[in-house]
Protein chains: 2
Amino acid sequence: MRDKALGAPVSRPVLTRERVLDTAAGLVTQHGPDALTMRKLAAELGTAVTSIYWHVGNRESLLDALVERTVADLGALRPTGRTPAQRIVSLARALRRQLRAHPHLVAMVHERGLTERMFLPARQALVREAHAAGLEGARAAEVVRAVQFQVVGFVLVERNRERAPAQRPAEEEAWDAETAGPDAALARALARPVDEERLFVTSVRALVDGLLAR
Amino acid sequence: MRDKALGAPVSRPVLTRERVLDTAAGLVTQHGPDALTMRKLAAELGTAVTSIYWHVGNRESLLDALVERTVADLGALRPTGRTPAQRIVSLARALRRQLRAHPHLVAMVHERGLTERMFLPARQALVREAHAAGLEGARAAEVVRAVQFQVVGFVLVERNRERAPAQRPAEEEAWDAETAGPDAALARALARPVDEERLFVTSVRALVDGLLAR
DNA sequence: ACCTGAACACCGTTCAAGT
DNA sequence: ACCTGAACACCGTTCAAGT
């Protein structure tokens, strides 16, 4: 997510706040947030555990800094498409892609409740499209917020599903068959794994259509 | 969430798996999941730490059992309203209310990736309404899934926002004013706190309308 | 069958002491 | 200004030993 600073050609580079953050980000990216213990980090850095505290404070503020960097690194968005509705959908897809690129770090952003702040750039782009669609004031704000909630929510659900333990398929199938009753096609459809990209686009499109049609 | 078993009138009741789970659930409900350490739980129960292991295995399976109970305790749903669309919205609202009633335990369900399983009863009700709306097969399945993702996602976003640190209002206001440009009403609307119940109903209604209109 | 304390391997953090 | 090891208070878990 960020280059290591190329310092003087020493065999083991000097300990800096940057290097601590880079190494910590590496540990999180590779093995998840739980793998980031102060002792493992110190071992990775080749220093005493306590040296870390001088540079980044305690573990809590180290995580804060990591999350801060992740939020700052989220780039600008370029919507594509002809109609405002199409362009909003394209924004939503781009957002989803960005969030899924760094799952562990983004998960930490979620856990610290900073998901909203990460979305500030997206908000700007959404406002532009709401205006282009002819909405203003409170109506435009409603569209911006609804889409934002929708995208963040969908990504959170996906993350949730990915961490879900392998479902006992027998249970789910039995249940769906019972539910669907005579509608066998429905039971089959619900038994299939979700095509999340497709469901995402369908949902966002339906939401936007529903909002703009009022 | 579940009554304590009324046993024989002993001054300190016998240690059972049920009592361990009840006490653990109490700790989680009152002070959050982090407060549930094996040592604190043992102190609360008045036993040795290690006795707990005999009844519930280790901490991991204790949490599993707690989550399992929470999932099982989620009751049935009664939709209200005249049209299928209205009834779907009422289902969504009921679901959201249930999830928000036990935030800590539901948070644990989320963290263990069992949110979907918690929604199985809701799925049944949604299928019924999709059929009533005249949809069948894959089209009906799409509606069921889109609504389910929407509701779960919204609740996850709300949880996320509640844990968010107090936003520096100066930053957000400045940013929104800059974004909104000449649309002062939009800037004001975005600066106001979100009316989540309202936004929820609006979004679900728009999504359902958009899906049923296709 | 059920309960116990001692012991182990891990944590994050503080602090006085070094250079 | 920067780094260190020792020490503290906490974890979850195992295990041999009790009744």
# chains A, B, ... in the order shown; residues from 1 in each chain; ligands from 1

call {"tool": "residues_around", "arguments": {"residues": "Glu142 of chain B", "least_positions_apart": "5", "cutoff": "9 Å", "atoms": "only C-alpha atoms (C1' of nucleotides)", "output": "ChimeraX atom specification"}}
result
/A:189-190,199,202 /B:137,147,211

call {"tool": "write_last_selection", "arguments": {"atoms": "N, CA, C and O atoms", "output": "tab-separated table (two decimals), in the first residue's frame"}}
result
chain	number	residue	atom	x	y	z
A	189	ALA	N	-32.57	-21.98	-7.03
A	189	ALA	CA	-31.87	-20.70	-7.07
A	189	ALA	C	-31.27	-20.34	-5.71
A	189	ALA	O	-30.15	-19.87	-5.62
A	190	LEU	N	-32.03	-20.61	-4.65
A	190	LEU	CA	-31.53	-20.29	-3.32
A	190	LEU	C	-30.43	-21.25	-2.87
A	190	LEU	O	-29.63	-20.92	-1.99
A	199	LEU	N	-25.54	-9.70	-7.86
A	199	LEU	CA	-26.53	-9.25	-6.88
A	199	LEU	C	-26.27	-7.80	-6.48
A	199	LEU	O	-27.21	-7.01	-6.32
A	202	THR	N	-27.40	-5.57	-9.37
A	202	THR	CA	-28.86	-5.57	-9.40
A	202	THR	C	-29.46	-4.72	-8.30
A	202	THR	O	-30.36	-3.91	-8.53
B	137	GLY	N	-39.39	-18.51	-8.99
B	137	GLY	CA	-38.08	-18.99	-9.41
B	137	GLY	C	-36.96	-18.04	-9.12
B	137	GLY	O	-36.88	-17.43	-8.05
B	147	VAL	N	-33.13	-8.20	-0.53
B	147	VAL	CA	-33.67	-7.62	0.71
B	147	VAL	C	-32.84	-8.07	1.91
B	147	VAL	O	-32.51	-7.27	2.79
B	211	LEU	N	-37.13	-3.41	-7.61
B	211	LEU	CA	-37.07	-4.82	-7.98
B	211	LEU	C	-38.39	-5.31	-8.56
B	211	LEU	O	-38.41	-6.06	-9.54

call {"tool": "residues_around", "arguments": {"residues": "segment 12-15 of chain C", "least_positions_apart": "3", "cutoff": "9 Å", "atoms": "only C-alpha atoms (C1' of nucleotides)", "output": "JSON, numbers by chain"}}
result
{"A": [37, 38, 50, 58, 59], "D": [7, 8, 10]}

call {"tool": "write_last_selection", "arguments": {"atoms": "C-alpha atoms (C1' of nucleotides)", "output": "CSV table (one decimal), in the first residue's frame"}}
result
chain,number,residue,atom,x,y,z
A,37,THR,CA,1.6,-8.5,18.5
A,38,MET,CA,4.1,-6.1,19.8
A,50,THR,CA,10.0,-1.6,24.1
A,58,ASN,CA,1.2,1.8,22.4
A,59,ARG,CA,-0.5,-0.8,20.3
D,7,DA,C1',9.4,-6.7,36.0
D,8,DC,C1',4.3,-6.5,36.4
D,10,DC,C1',-2.9,-9.9,32.9

call {"tool": "interface_residues", "arguments": {"of": "chain C", "to": "chain B", "cutoff": "8 Å", "atoms": "only C-alpha atoms (C1' of nucleotides)", "output": "PyMOL selection string"}}
result
chain C and resi 2-4

call {"tool": "closest_atom_pairs", "arguments": {"of": "chain B", "to": "chain A", "cutoff": "8 Å", "atoms": "only C-alpha atoms", "output": "JSON lines"}}
result
{"residue": "B:His110", "atom": "CA", "partner": "A:Asn160", "partner_atom": "CA", "distance": 6.6}
{"residue": "B:Glu111", "atom": "CA", "partner": "A:Asn160", "partner_atom": "CA", "distance": 7.2}
{"residue": "B:Arg112", "atom": "CA", "partner": "A:Ala164", "partner_atom": "CA", "distance": 6.5}
{"residue": "B:Gly113", "atom": "CA", "partner": "A:Ala164", "partner_atom": "CA", "distance": 4.0}
{"residue": "B:Leu114", "atom": "CA", "partner": "A:Ala164", "partner_atom": "CA", "distance": 6.1}
{"residue": "B:Thr115", "atom": "CA", "partner": "A:Asn160", "partner_atom": "CA", "distance": 7.5}
{"residue": "B:Glu116", "atom": "CA", "partner": "A:Arg161", "partner_atom": "CA", "distance": 7.5}
{"residue": "B:Gln124", "atom": "CA", "partner": "A:Thr179", "partner_atom": "CA", "distance": 5.6}
{"residue": "B:Val127", "atom": "CA", "partner": "A:Ala180", "partner_atom": "CA", "distance": 6.9}
{"residue": "B:Glu136", "atom": "CA", "partner": "A:Leu186", "partner_atom": "CA", "distance": 6.5}
{"residue": "B:Gly137", "atom": "CA", "partner": "A:Leu186", "partner_atom": "CA", "distance": 3.8}
{"residue": "B:Ala138", "atom": "CA", "partner": "A:Ala189", "partner_atom": "CA", "distance": 5.5}
{"residue": "B:Ala140", "atom": "CA", "partner": "A:Leu186", "partner_atom": "CA", "distance": 6.6}
{"residue": "B:Ala141", "atom": "CA", "partner": "A:Leu186", "partner_atom": "CA", "distance": 5.7}
{"residue": "B:Glu142", "atom": "CA", "partner": "A:Leu199", "partner_atom": "CA", "distance": 7.4}
{"residue": "B:Arg145", "atom": "CA", "partner": "A:Leu199", "partner_atom": "CA", "distance": 8.0}
{"residue": "B:Ala146", "atom": "CA", "partner": "A:Ser203", "partner_atom": "CA", "distance": 6.0}
{"residue": "B:Phe149", "atom": "CA", "partner": "A:Phe154", "partner_atom": "CA", "distance": 6.4}
{"residue": "B:Gln150", "atom": "CA", "partner": "A:Gln150", "partner_atom": "CA", "distance": 6.7}
{"residue": "B:Val152", "atom": "CA", "partner": "A:Val157", "partner_atom": "CA", "distance": 6.7}
{"residue": "B:Gly153", "atom": "CA", "partner": "A:Gly153", "partner_atom": "CA", "distance": 3.5}
{"residue": "B:Phe154", "atom": "CA", "partner": "A:Gly153", "partner_atom": "CA", "distance": 5.3}
{"residue": "B:Val155", "atom": "CA", "partner": "A:Gly153", "partner_atom": "CA", "distance": 7.8}
{"residue": "B:Leu156", "atom": "CA", "partner": "A:Gly153", "partner_atom": "CA", "distance": 6.3}
{"residue": "B:Val157", "atom": "CA", "partner": "A:Gly153", "partner_atom": "CA", "distance": 5.6}
{"residue": "B:Asn160", "atom": "CA", "partner": "A:Gly113", "partner_atom": "CA", "distance": 5.0}
{"residue": "B:Arg161", "atom": "CA", "partner": "A:Gly113", "partner_atom": "CA", "distance": 5.9}
{"residue": "B:Glu162", "atom": "CA", "partner": "A:Gly113", "partner_atom": "CA", "distance": 7.6}
{"residue": "B:Arg163", "atom": "CA", "partner": "A:Gly113", "partner_atom": "CA", "distance": 5.4}
{"residue": "B:Ala164", "atom": "CA", "partner": "A:Gly113", "partner_atom": "CA", "distance": 4.0}
{"residue": "B:Pro165", "atom": "CA", "partner": "A:Gly113", "partner_atom": "CA", "distance": 6.9}
{"residue": "B:Thr179", "atom": "CA", "partner": "A:Gln124", "partner_atom": "CA", "distance": 5.6}
{"residue": "B:Ala180", "atom": "CA", "partner": "A:Val127", "partner_atom": "CA", "distance": 6.9}
{"residue": "B:Asp183", "atom": "CA", "partner": "A:Gly137", "partner_atom": "CA", "distance": 6.3}
{"residue": "B:Ala184", "atom": "CA", "partner": "A:Gly137", "partner_atom": "CA", "distance": 7.2}
{"residue": "B:Ala185", "atom": "CA", "partner": "A:Gly137", "partner_atom": "CA", "distance": 4.4}
{"residue": "B:Leu186", "atom": "CA", "partner": "A:Gly137", "partner_atom": "CA", "distance": 3.8}
{"residue": "B:Ala187", "atom": "CA", "partner": "A:Gly137", "partner_atom": "CA", "distance": 7.5}
{"residue": "B:Ala189", "atom": "CA", "partner": "A:Ala138", "partner_atom": "CA", "distance": 5.5}
{"residue": "B:Leu190", "atom": "CA", "partner": "A:Ala141", "partner_atom": "CA", "distance": 6.0}
{"residue": "B:Leu199", "atom": "CA", "partner": "A:Ala146", "partner_atom": "CA", "distance": 6.8}
{"residue": "B:Ser203", "atom": "CA", "partner": "A:Ala146", "partner_atom": "CA", "distance": 6.0}
{"residue": "B:Arg205", "atom": "CA", "partner": "A:Gly210", "partner_atom": "CA", "distance": 7.8}
{"residue": "B:Ala206", "atom": "CA", "partner": "A:Gly210", "partner_atom": "CA", "distance": 4.2}
{"residue": "B:Leu207", "atom": "CA", "partner": "A:Leu207", "partner_atom": "CA", "distance": 4.2}
{"residue": "B:Val208", "atom": "CA", "partner": "A:Ala206", "partner_atom": "CA", "distance": 7.6}
{"residue": "B:Asp209", "atom": "CA", "partner": "A:Gly210", "partner_atom": "CA", "distance": 5.7}
{"residue": "B:Gly210", "atom": "CA", "partner": "A:Ala206", "partner_atom": "CA", "distance": 4.2}
{"residue": "B:Leu211", "atom": "CA", "partner": "A:Ala206", "partner_atom": "CA", "distance": 5.5}

call {"tool": "select_by_dssp", "arguments": {"residues": "segment 4-205 of chain A", "states": "helix (DSSP H, G or I)", "output": "MDAnalysis selection string"}}
result
chainID A and resid 17:31 33:35 38:45 49:56 59:73 84:101 103:111 115:118 120:132 137:163 169:180 184:191 196:205

call {"tool": "residues_around", "arguments": {"residues": "Arg17 of chain B", "least_positions_apart": "4", "cutoff": "12 Å", "atoms": "only C-alpha atoms (C1' of nucleotides)", "output": "ChimeraX atom specification"}}
result
/B:4-5,21-24,45,51-57,61-62,65-66
